[in-house]
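One file, data-v9.pdb, is given below (PDB, N, CA and C atoms).
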```pdb
MODEL        1
ATOM      1  N   MET C  16      80.771  86.654  85.684
ATOM      2  CA  MET C  16      81.657  87.794  85.840
ATOM      3  C   MET C  16      81.808  88.171  87.318
ATOM      4  N   ASP C  17      80.747  88.047  88.098
ATOM      5  CA  ASP C  17      80.827  88.358  89.519
ATOM      6  C   ASP C  17      81.831  87.451  90.229
ATOM      7  N   THR C  18      81.872  86.208  89.810
ATOM      8  CA  THR C  18      82.791  85.259  90.438
ATOM      9  C   THR C  18      84.239  85.677  90.208
ATOM     10  N   VAL C  19      84.534  86.154  89.031
ATOM     11  CA  VAL C  19      85.898  86.586  88.708
ATOM     12  C   VAL C  19      86.280  87.807  89.536
ATOM     13  N   VAL C  20      85.370  88.754  89.668
ATOM     14  CA  VAL C  20      85.641  89.969  90.440
ATOM     15  C   VAL C  20      85.839  89.623  91.917
ATOM     16  N   ASN C  21      84.986  88.773  92.458
ATOM     17  CA  ASN C  21      85.104  88.402  93.863
ATOM     18  C   ASN C  21      86.363  87.582  94.131
ATOM     19  N   ALA C  22      86.721  86.705  93.206
ATOM     20  CA  ALA C  22      87.966  85.942  93.357
ATOM     21  C   ALA C  22      89.173  86.884  93.286
ATOM     22  N   GLY C  23      89.101  87.877  92.428
ATOM     23  CA  GLY C  23      90.161  88.881  92.359
ATOM     24  C   GLY C  23      90.276  89.677  93.646
ATOM     25  N   ALA C  24      89.138  89.971  94.284
ATOM     26  CA  ALA C  24      89.159  90.672  95.571
ATOM     27  C   ALA C  24      89.841  89.827  96.638
ATOM     28  N   VAL C  25      89.586  88.532  96.627
ATOM     29  CA  VAL C  25      90.238  87.642  97.595
ATOM     30  C   VAL C  25      91.743  87.622  97.357
ATOM     31  N   VAL C  26      92.153  87.514  96.114
ATOM     32  CA  VAL C  26      93.581  87.480  95.788
ATOM     33  C   VAL C  26      94.253  88.796  96.170
ATOM     34  N   TYR C  27      93.615  89.921  95.873
ATOM     35  CA  TYR C  27      94.188  91.221  96.212
ATOM     36  C   TYR C  27      94.251  91.416  97.729
ATOM     37  N   GLY C  28      93.212  90.982  98.424
ATOM     38  CA  GLY C  28      93.216  91.078  99.879
ATOM     39  C   GLY C  28      94.342  90.272 100.491
ATOM     40  N   VAL C  29      94.550  89.076  99.989
ATOM     41  CA  VAL C  29      95.653  88.242 100.482
ATOM     42  C   VAL C  29      96.994  88.899 100.148
ATOM     43  N   ALA C  30      97.102  89.505  98.989
ATOM     44  CA  ALA C  30      98.344  90.190  98.609
ATOM     45  C   ALA C  30      98.616  91.376  99.539
ATOM     46  N   LEU C  31      97.567  92.080  99.965
ATOM     47  CA  LEU C  31      97.755  93.176 100.906
ATOM     48  C   LEU C  31      98.226  92.674 102.266
ATOM     49  N   VAL C  32      97.652  91.569 102.700
ATOM     50  CA  VAL C  32      98.066  90.992 103.983
ATOM     51  C   VAL C  32      99.526  90.548 103.903
ATOM     52  N   VAL C  33      99.892  89.905 102.810
ATOM     53  CA  VAL C  33     101.283  89.480 102.629
ATOM     54  C   VAL C  33     102.199  90.703 102.562
ATOM     55  N   GLY C  34     101.731  91.758 101.910
ATOM     56  CA  GLY C  34     102.520  92.979 101.796
ATOM     57  C   GLY C  34     102.776  93.667 103.123
ATOM     58  N   THR C  35     101.981  93.349 104.123
ATOM     59  CA  THR C  35     102.219  93.899 105.451
ATOM     60  C   THR C  35     103.499  93.335 106.055
ATOM     61  N   PHE C  36     103.790  92.082 105.752
ATOM     62  CA  PHE C  36     104.915  91.397 106.385
ATOM     63  C   PHE C  36     106.118  91.190 105.463
ATOM     64  N   VAL C  37     105.898  91.105 104.156
ATOM     65  CA  VAL C  37     106.962  90.800 103.193
ATOM     66  C   VAL C  37     107.176  92.009 102.288
ATOM     67  N   ARG C  38     108.412  92.390 102.142
ATOM     68  CA  ARG C  38     108.725  93.530 101.274
ATOM     69  C   ARG C  38     109.361  93.041  99.984
ATOM     70  N   THR C  39     108.587  93.086  98.920
ATOM     71  CA  THR C  39     109.088  92.811  97.577
ATOM     72  C   THR C  39     108.591  93.935  96.685
ATOM     73  N   PRO C  40     109.161  94.102  95.505
ATOM     74  CA  PRO C  40     108.675  95.156  94.609
ATOM     75  C   PRO C  40     107.179  94.999  94.262
ATOM     76  N   VAL C  41     106.717  93.768  94.155
ATOM     77  CA  VAL C  41     105.300  93.552  93.812
ATOM     78  C   VAL C  41     104.392  93.978  94.959
ATOM     79  N   THR C  42     104.712  93.547  96.179
ATOM     80  CA  THR C  42     103.850  93.904  97.311
ATOM     81  C   THR C  42     103.935  95.390  97.636
ATOM     82  N   GLU C  43     105.063  96.007  97.391
ATOM     83  CA  GLU C  43     105.179  97.450  97.611
ATOM     84  C   GLU C  43     104.297  98.224  96.625
ATOM     85  N   ALA C  44     104.175  97.720  95.411
ATOM     86  CA  ALA C  44     103.342  98.394  94.412
ATOM     87  C   ALA C  44     101.848  98.253  94.709
ATOM     88  N   LEU C  45     101.452  97.235  95.451
ATOM     89  CA  LEU C  45     100.042  96.996  95.745
ATOM     90  C   LEU C  45      99.558  97.666  97.025
ATOM     91  N   ARG C  46     100.432  98.267  97.778
ATOM     92  CA  ARG C  46     100.064  98.854  99.071
ATOM     93  C   ARG C  46      99.041  99.971  98.911
ATOM     94  N   ILE C  47      97.977  99.917  99.710
ATOM     95  CA  ILE C  47      96.940 100.943  99.675
ATOM     96  C   ILE C  47      97.400 102.197 100.410
ATOM     97  N   ASP C  48      98.092 102.032 101.526
ATOM     98  CA  ASP C  48      98.506 103.204 102.297
ATOM     99  C   ASP C  48      99.433 104.100 101.490
ATOM    100  N   ALA C  49     100.255 103.532 100.632
ATOM    101  CA  ALA C  49     101.162 104.336  99.812
ATOM    102  C   ALA C  49     100.408 105.137  98.749
ATOM    103  N   LEU C  50      99.219 104.683  98.389
ATOM    104  CA  LEU C  50      98.428 105.400  97.387
ATOM    105  C   LEU C  50      97.737 106.636  97.960
ATOM    106  N   PHE C  51      97.304 106.556  99.221
ATOM    107  CA  PHE C  51      96.447 107.605  99.768
ATOM    108  C   PHE C  51      97.080 108.452 100.865
ATOM    109  N   ILE C  52      98.132 107.967 101.493
ATOM    110  CA  ILE C  52      98.740 108.694 102.603
ATOM    111  C   ILE C  52     100.100 109.229 102.162
ATOM    112  N   PRO C  53     100.282 110.550 102.219
ATOM    113  CA  PRO C  53     101.590 111.092 101.855
ATOM    114  C   PRO C  53     102.653 110.637 102.859
ATOM    115  N   GLN C  54     103.814 110.341 102.383
ATOM    116  CA  GLN C  54     104.944 109.883 103.192
ATOM    117  C   GLN C  54     104.602 108.617 103.977
ATOM    118  N   ALA C  55     103.972 107.664 103.314
ATOM    119  CA  ALA C  55     103.637 106.389 103.950
ATOM    120  C   ALA C  55     104.918 105.633 104.265
ATOM    121  N   GLY C  56     104.924 104.985 105.404
ATOM    122  CA  GLY C  56     106.116 104.247 105.816
ATOM    123  C   GLY C  56     105.731 103.039 106.653
ATOM    124  N   ASP C  57     106.624 102.689 107.547
ATOM    125  CA  ASP C  57     106.388 101.520 108.388
ATOM    126  C   ASP C  57     105.239 101.732 109.372
ATOM    127  N   LYS C  58     104.996 102.964 109.762
ATOM    128  CA  LYS C  58     103.901 103.236 110.703
ATOM    129  C   LYS C  58     102.525 103.038 110.063
ATOM    130  N   THR C  59     102.413 103.230 108.754
ATOM    131  CA  THR C  59     101.124 103.078 108.081
ATOM    132  C   THR C  59     100.946 101.694 107.462
ATOM    133  N   ARG C  60     101.966 100.860 107.528
ATOM    134  CA  ARG C  60     101.911  99.518 106.936
ATOM    135  C   ARG C  60     100.795  98.643 107.521
ATOM    136  N   PRO C  61     100.481  98.709 108.823
ATOM    137  CA  PRO C  61      99.384  97.882 109.358
ATOM    138  C   PRO C  61      98.015  98.188 108.750
ATOM    139  N   LEU C  62      97.866  99.354 108.163
ATOM    140  CA  LEU C  62      96.616  99.675 107.481
ATOM    141  C   LEU C  62      96.343  98.686 106.350
ATOM    142  N   ASN C  63      97.384  98.210 105.696
ATOM    143  CA  ASN C  63      97.225  97.211 104.634
ATOM    144  C   ASN C  63      96.685  95.897 105.178
ATOM    145  N   LEU C  64      97.087  95.541 106.389
ATOM    146  CA  LEU C  64      96.589  94.321 107.009
ATOM    147  C   LEU C  64      95.090  94.408 107.236
ATOM    148  N   VAL C  65      94.647  95.503 107.804
ATOM    149  CA  VAL C  65      93.214  95.678 108.093
ATOM    150  C   VAL C  65      92.407  95.707 106.800
ATOM    151  N   LEU C  66      92.832  96.518 105.853
ATOM    152  CA  LEU C  66      92.094  96.626 104.594
ATOM    153  C   LEU C  66      92.163  95.330 103.787
ATOM    154  N   GLY C  67      93.292  94.654 103.834
ATOM    155  CA  GLY C  67      93.417  93.374 103.132
ATOM    156  C   GLY C  67      92.464  92.334 103.689
ATOM    157  N   LEU C  68      92.344  92.268 105.015
ATOM    158  CA  LEU C  68      91.405  91.327 105.622
ATOM    159  C   LEU C  68      89.967  91.676 105.272
ATOM    160  N   LEU C  69      89.651  92.965 105.252
ATOM    161  CA  LEU C  69      88.291  93.382 104.882
ATOM    162  C   LEU C  69      87.977  93.053 103.429
ATOM    163  N   ILE C  70      88.896  93.344 102.538
ATOM    164  CA  ILE C  70      88.669  93.092 101.111
ATOM    165  C   ILE C  70      88.584  91.599 100.832
ATOM    166  N   ALA C  71      89.516  90.827 101.387
ATOM    167  CA  ALA C  71      89.495  89.378 101.174
ATOM    168  C   ALA C  71      88.257  88.755 101.810
ATOM    169  N   GLY C  72      87.884  89.230 102.979
ATOM    170  CA  GLY C  72      86.690  88.710 103.644
ATOM    171  C   GLY C  72      85.419  88.995 102.864
ATOM    172  N   TYR C  73      85.316  90.199 102.334
ATOM    173  CA  TYR C  73      84.139  90.538 101.542
ATOM    174  C   TYR C  73      84.074  89.702 100.260
ATOM    175  N   GLY C  74      85.211  89.517  99.618
ATOM    176  CA  GLY C  74      85.243  88.688  98.406
ATOM    177  C   GLY C  74      84.901  87.253  98.699
ATOM    178  N   ALA C  75      85.439  86.722  99.796
ATOM    179  CA  ALA C  75      85.149  85.333 100.169
ATOM    180  C   ALA C  75      83.685  85.173 100.553
ATOM    181  N   TRP C  76      83.159  86.139 101.277
ATOM    182  CA  TRP C  76      81.743  86.097 101.676
ATOM    183  C   TRP C  76      80.843  86.115 100.431
ATOM    184  N   SER C  77      81.190  86.928  99.473
ATOM    185  CA  SER C  77      80.408  87.013  98.246
ATOM    186  C   SER C  77      80.514  85.724  97.432
ATOM    187  N   LEU C  78      81.682  85.112  97.421
ATOM    188  CA  LEU C  78      81.830  83.831  96.705
ATOM    189  C   LEU C  78      81.065  82.731  97.412
ATOM    190  N   TRP C  79      81.090  82.715  98.722
ATOM    191  CA  TRP C  79      80.426  81.675  99.491
ATOM    192  C   TRP C  79      78.902  81.796  99.391
ATOM    193  N   GLY C  80      78.420  83.018  99.234
ATOM    194  CA  GLY C  80      76.982  83.249  99.155
ATOM    195  C   GLY C  80      76.371  82.905  97.814
ATOM    196  N   ARG C  81      77.161  82.560  96.828
ATOM    197  CA  ARG C  81      76.638  82.278  95.492
ATOM    198  C   ARG C  81      76.060  80.924  95.443
TER     199      ARG C  81
ENDMDL
END
```

Target encoding structure tokens, full file:
Amino acid sequence: MDTVVNAGAVVYGVALVVGTFVRTPVTEALRIDALFIPQAGDKTRPLNLVLGLLIAGYGAWSLWGR
């Protein structure tokens, strides 16, 4: 079960990174900044890049450590 959760973290992290640069309905729905910051826009979009790299990195690190 841990492997599935960590693989999901990697996929979600990559989706956040992609969502920083590509605007589609799917990537817009996954944005973290839109969930927590009122009136999120283009100025808060780089936050998804940072958080996506952290989430994907943590998931990959956890998968590699198994």

Inset, instruction - Figure out the distance between CA of Val20 (chain C) and CA of Val37 (chain C), please, to one decimal in Å. - result: 24.9 Å

Neighbouring residues of Ala22 (chain C) were defined as those with any atom within 8 Å, considering all atoms listed in the file; residues of the same chain fewer than 3 positions away were excluded. Please report them as a PDB file with N, CA and C atoms, in the coordinates of the input.
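Below you can see selection.pdb, which holds the result:
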```
ATOM      1  N   MET C  16      80.771  86.654  85.684  1.00  0.00           N
ATOM      2  CA  MET C  16      81.657  87.794  85.840  1.00  0.00           C
ATOM      3  C   MET C  16      81.808  88.171  87.318  1.00  0.00           C
ATOM      4  N   ASP C  17      80.747  88.047  88.098  1.00  0.00           N
ATOM      5  CA  ASP C  17      80.827  88.358  89.519  1.00  0.00           C
ATOM      6  C   ASP C  17      81.831  87.451  90.229  1.00  0.00           C
ATOM      7  N   THR C  18      81.872  86.208  89.810  1.00  0.00           N
ATOM      8  CA  THR C  18      82.791  85.259  90.438  1.00  0.00           C
ATOM      9  C   THR C  18      84.239  85.677  90.208  1.00  0.00           C
ATOM     10  N   VAL C  19      84.534  86.154  89.031  1.00  0.00           N
ATOM     11  CA  VAL C  19      85.898  86.586  88.708  1.00  0.00           C
ATOM     12  C   VAL C  19      86.280  87.807  89.536  1.00  0.00           C
ATOM     13  N   VAL C  25      89.586  88.532  96.627  1.00  0.00           N
ATOM     14  CA  VAL C  25      90.238  87.642  97.595  1.00  0.00           C
ATOM     15  C   VAL C  25      91.743  87.622  97.357  1.00  0.00           C
ATOM     16  N   VAL C  26      92.153  87.514  96.114  1.00  0.00           N
ATOM     17  CA  VAL C  26      93.581  87.480  95.788  1.00  0.00           C
ATOM     18  C   VAL C  26      94.253  88.796  96.170  1.00  0.00           C
ATOM     19  N   TYR C  27      93.615  89.921  95.873  1.00  0.00           N
ATOM     20  CA  TYR C  27      94.188  91.221  96.212  1.00  0.00           C
ATOM     21  C   TYR C  27      94.251  91.416  97.729  1.00  0.00           C
ATOM     22  N   GLY C  28      93.212  90.982  98.424  1.00  0.00           N
ATOM     23  CA  GLY C  28      93.216  91.078  99.879  1.00  0.00           C
ATOM     24  C   GLY C  28      94.342  90.272 100.491  1.00  0.00           C
ATOM     25  N   GLY C  74      85.211  89.517  99.618  1.00  0.00           N
ATOM     26  CA  GLY C  74      85.243  88.688  98.406  1.00  0.00           C
ATOM     27  C   GLY C  74      84.901  87.253  98.699  1.00  0.00           C
ATOM     28  N   ALA C  75      85.439  86.722  99.796  1.00  0.00           N
ATOM     29  CA  ALA C  75      85.149  85.333 100.169  1.00  0.00           C
ATOM     30  C   ALA C  75      83.685  85.173 100.553  1.00  0.00           C
ATOM     31  N   SER C  77      81.190  86.928  99.473  1.00  0.00           N
ATOM     32  CA  SER C  77      80.408  87.013  98.246  1.00  0.00           C
ATOM     33  C   SER C  77      80.514  85.724  97.432  1.00  0.00           C
ATOM     34  N   LEU C  78      81.682  85.112  97.421  1.00  0.00           N
ATOM     35  CA  LEU C  78      81.830  83.831  96.705  1.00  0.00           C
ATOM     36  C   LEU C  78      81.065  82.731  97.412  1.00  0.00           C
TER      37      LEU C  78
END
```

Legend entry - Nearest-residue call for Phe36 (chain C), choices C:Pro53, C:Leu68, C:Asn63, C:Gly80, using only C-alpha atoms: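 Between C:Pro53, C:Leu68, C:Asn63, C:Gly80, the residue approaching Phe36 (chain C) most closely is C:Asn63.
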
Please report, as lines of an AutoDock Vina configuration file, the centre and edge lengths in Å to one decimal of an axis-aligned box covering all listed atoms of region 65-71 of chain C with 4 Å per side.
```
center_x = 91.3
center_y = 92.7
center_z = 104.5
size_x = 14.7
size_y = 15.9
size_z = 15.3
```

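Considering only N, CA and C atoms, the residue among C:Ile52, C:Glu43, C:Ala71, C:Trp79 positioned nearest to Gly23 (chain C) is C:Ala71.
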
Skipping near chain neighbours, those fewer than 6 positions away, what residues fall within 6.5 Å of Thr35 (chain C) using only N, CA and C atoms, listed as a PDB file with N, CA and C atoms, in the frame of the given file?
```
ATOM      1  N   ARG C  60     101.966 100.860 107.528  1.00  0.00           N
ATOM      2  CA  ARG C  60     101.911  99.518 106.936  1.00  0.00           C
ATOM      3  C   ARG C  60     100.795  98.643 107.521  1.00  0.00           C
ATOM      4  N   PRO C  61     100.481  98.709 108.823  1.00  0.00           N
ATOM      5  CA  PRO C  61      99.384  97.882 109.358  1.00  0.00           C
ATOM      6  C   PRO C  61      98.015  98.188 108.750  1.00  0.00           C
ATOM      7  N   ASN C  63      97.384  98.210 105.696  1.00  0.00           N
ATOM      8  CA  ASN C  63      97.225  97.211 104.634  1.00  0.00           C
ATOM      9  C   ASN C  63      96.685  95.897 105.178  1.00  0.00           C
ATOM     10  N   LEU C  64      97.087  95.541 106.389  1.00  0.00           N
ATOM     11  CA  LEU C  64      96.589  94.321 107.009  1.00  0.00           C
ATOM     12  C   LEU C  64      95.090  94.408 107.236  1.00  0.00           C
TER      13      LEU C  64
END
```

Inset, instruction - In Å, rounded to a single decimal, give me how far atom C of Asn21 (chain C) is from CA of Arg38 (chain C). - result: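 Value for the CA of Arg38 (chain C)-atom C of Asn21 (chain C) distance: 24.2 Å.
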
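In this model, the gap between atom N of Leu69 (chain C) and CA of Thr39 (chain C) comes to 20.9 Å.
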
Where atoms are lacking, region 30-41 of chain C completed to all heavy atoms, as an mmCIF file, keeping the file's coordinate frame:
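This went into out_24.cif:
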```
data_model
loop_
_atom_site.group_PDB
_atom_site.id
_atom_site.type_symbol
_atom_site.label_atom_id
_atom_site.label_comp_id
_atom_site.auth_asym_id
_atom_site.auth_seq_id
_atom_site.Cartn_x
_atom_site.Cartn_y
_atom_site.Cartn_z
ATOM 1 N N ALA C 30 97.102 89.505 98.989
ATOM 2 C CA ALA C 30 98.344 90.190 98.609
ATOM 3 C C ALA C 30 98.616 91.376 99.539
ATOM 4 O O ALA C 30 99.768 91.639 99.897
ATOM 5 C CB ALA C 30 98.268 90.656 97.163
ATOM 6 N N LEU C 31 97.567 92.080 99.965
ATOM 7 C CA LEU C 31 97.755 93.176 100.906
ATOM 8 C C LEU C 31 98.226 92.674 102.266
ATOM 9 O O LEU C 31 99.082 93.281 102.897
ATOM 10 C CB LEU C 31 96.449 93.956 101.079
ATOM 11 C CG LEU C 31 96.076 94.911 99.962
ATOM 12 C CD1 LEU C 31 94.709 95.519 100.236
ATOM 13 C CD2 LEU C 31 97.114 95.999 99.820
ATOM 14 N N VAL C 32 97.652 91.569 102.700
ATOM 15 C CA VAL C 32 98.066 90.992 103.983
ATOM 16 C C VAL C 32 99.526 90.548 103.903
ATOM 17 O O VAL C 32 100.315 90.803 104.817
ATOM 18 C CB VAL C 32 97.143 89.824 104.389
ATOM 19 C CG1 VAL C 32 97.686 89.087 105.583
ATOM 20 C CG2 VAL C 32 95.735 90.343 104.671
ATOM 21 N N VAL C 33 99.892 89.905 102.810
ATOM 22 C CA VAL C 33 101.283 89.480 102.629
ATOM 23 C C VAL C 33 102.199 90.703 102.562
ATOM 24 O O VAL C 33 103.295 90.700 103.116
ATOM 25 C CB VAL C 33 101.426 88.602 101.368
ATOM 26 C CG1 VAL C 33 102.884 88.363 101.007
ATOM 27 C CG2 VAL C 33 100.703 87.291 101.564
ATOM 28 N N GLY C 34 101.731 91.758 101.910
ATOM 29 C CA GLY C 34 102.520 92.979 101.796
ATOM 30 C C GLY C 34 102.776 93.667 103.123
ATOM 31 O O GLY C 34 103.692 94.488 103.241
ATOM 32 N N THR C 35 101.981 93.349 104.123
ATOM 33 C CA THR C 35 102.219 93.899 105.451
ATOM 34 C C THR C 35 103.499 93.335 106.055
ATOM 35 O O THR C 35 104.216 94.025 106.771
ATOM 36 C CB THR C 35 101.023 93.573 106.377
ATOM 37 O OG1 THR C 35 99.830 94.085 105.787
ATOM 38 C CG2 THR C 35 101.198 94.184 107.744
ATOM 39 N N PHE C 36 103.790 92.082 105.752
ATOM 40 C CA PHE C 36 104.915 91.397 106.385
ATOM 41 C C PHE C 36 106.118 91.190 105.463
ATOM 42 O O PHE C 36 107.244 91.084 105.950
ATOM 43 C CB PHE C 36 104.448 90.032 106.899
ATOM 44 C CG PHE C 36 103.279 90.137 107.838
ATOM 45 C CD1 PHE C 36 102.022 89.736 107.445
ATOM 46 C CD2 PHE C 36 103.454 90.663 109.107
ATOM 47 C CE1 PHE C 36 100.946 89.843 108.310
ATOM 48 C CE2 PHE C 36 102.384 90.766 109.978
ATOM 49 C CZ PHE C 36 101.124 90.356 109.581
ATOM 50 N N VAL C 37 105.898 91.105 104.156
ATOM 51 C CA VAL C 37 106.962 90.800 103.193
ATOM 52 C C VAL C 37 107.176 92.009 102.288
ATOM 53 O O VAL C 37 106.232 92.543 101.731
ATOM 54 C CB VAL C 37 106.585 89.565 102.345
ATOM 55 C CG1 VAL C 37 107.660 89.267 101.328
ATOM 56 C CG2 VAL C 37 106.313 88.370 103.235
ATOM 57 N N ARG C 38 108.412 92.390 102.142
ATOM 58 C CA ARG C 38 108.725 93.530 101.274
ATOM 59 C C ARG C 38 109.361 93.041 99.984
ATOM 60 O O ARG C 38 110.514 92.629 99.963
ATOM 61 C CB ARG C 38 109.678 94.477 101.983
ATOM 62 C CG ARG C 38 109.039 95.168 103.123
ATOM 63 C CD ARG C 38 109.979 96.165 103.717
ATOM 64 N NE ARG C 38 109.314 96.797 104.859
ATOM 65 C CZ ARG C 38 109.935 97.406 105.820
ATOM 66 N NH1 ARG C 38 111.235 97.494 105.804
ATOM 67 N NH2 ARG C 38 109.266 97.938 106.806
ATOM 68 N N THR C 39 108.587 93.086 98.920
ATOM 69 C CA THR C 39 109.088 92.811 97.577
ATOM 70 C C THR C 39 108.591 93.935 96.685
ATOM 71 O O THR C 39 107.668 94.664 97.057
ATOM 72 C CB THR C 39 108.574 91.457 97.042
ATOM 73 O OG1 THR C 39 107.164 91.519 96.902
ATOM 74 C CG2 THR C 39 108.952 90.312 97.974
ATOM 75 N N PRO C 40 109.161 94.102 95.505
ATOM 76 C CA PRO C 40 108.675 95.156 94.609
ATOM 77 C C PRO C 40 107.179 94.999 94.262
ATOM 78 O O PRO C 40 106.476 95.995 94.126
ATOM 79 C CB PRO C 40 109.550 95.004 93.371
ATOM 80 C CG PRO C 40 110.818 94.411 93.871
ATOM 81 C CD PRO C 40 110.402 93.492 94.983
ATOM 82 N N VAL C 41 106.717 93.768 94.155
ATOM 83 C CA VAL C 41 105.300 93.552 93.812
ATOM 84 C C VAL C 41 104.392 93.978 94.959
ATOM 85 O O VAL C 41 103.415 94.696 94.762
ATOM 86 C CB VAL C 41 105.059 92.068 93.445
ATOM 87 C CG1 VAL C 41 103.584 91.793 93.234
ATOM 88 C CG2 VAL C 41 105.843 91.698 92.212
#
```
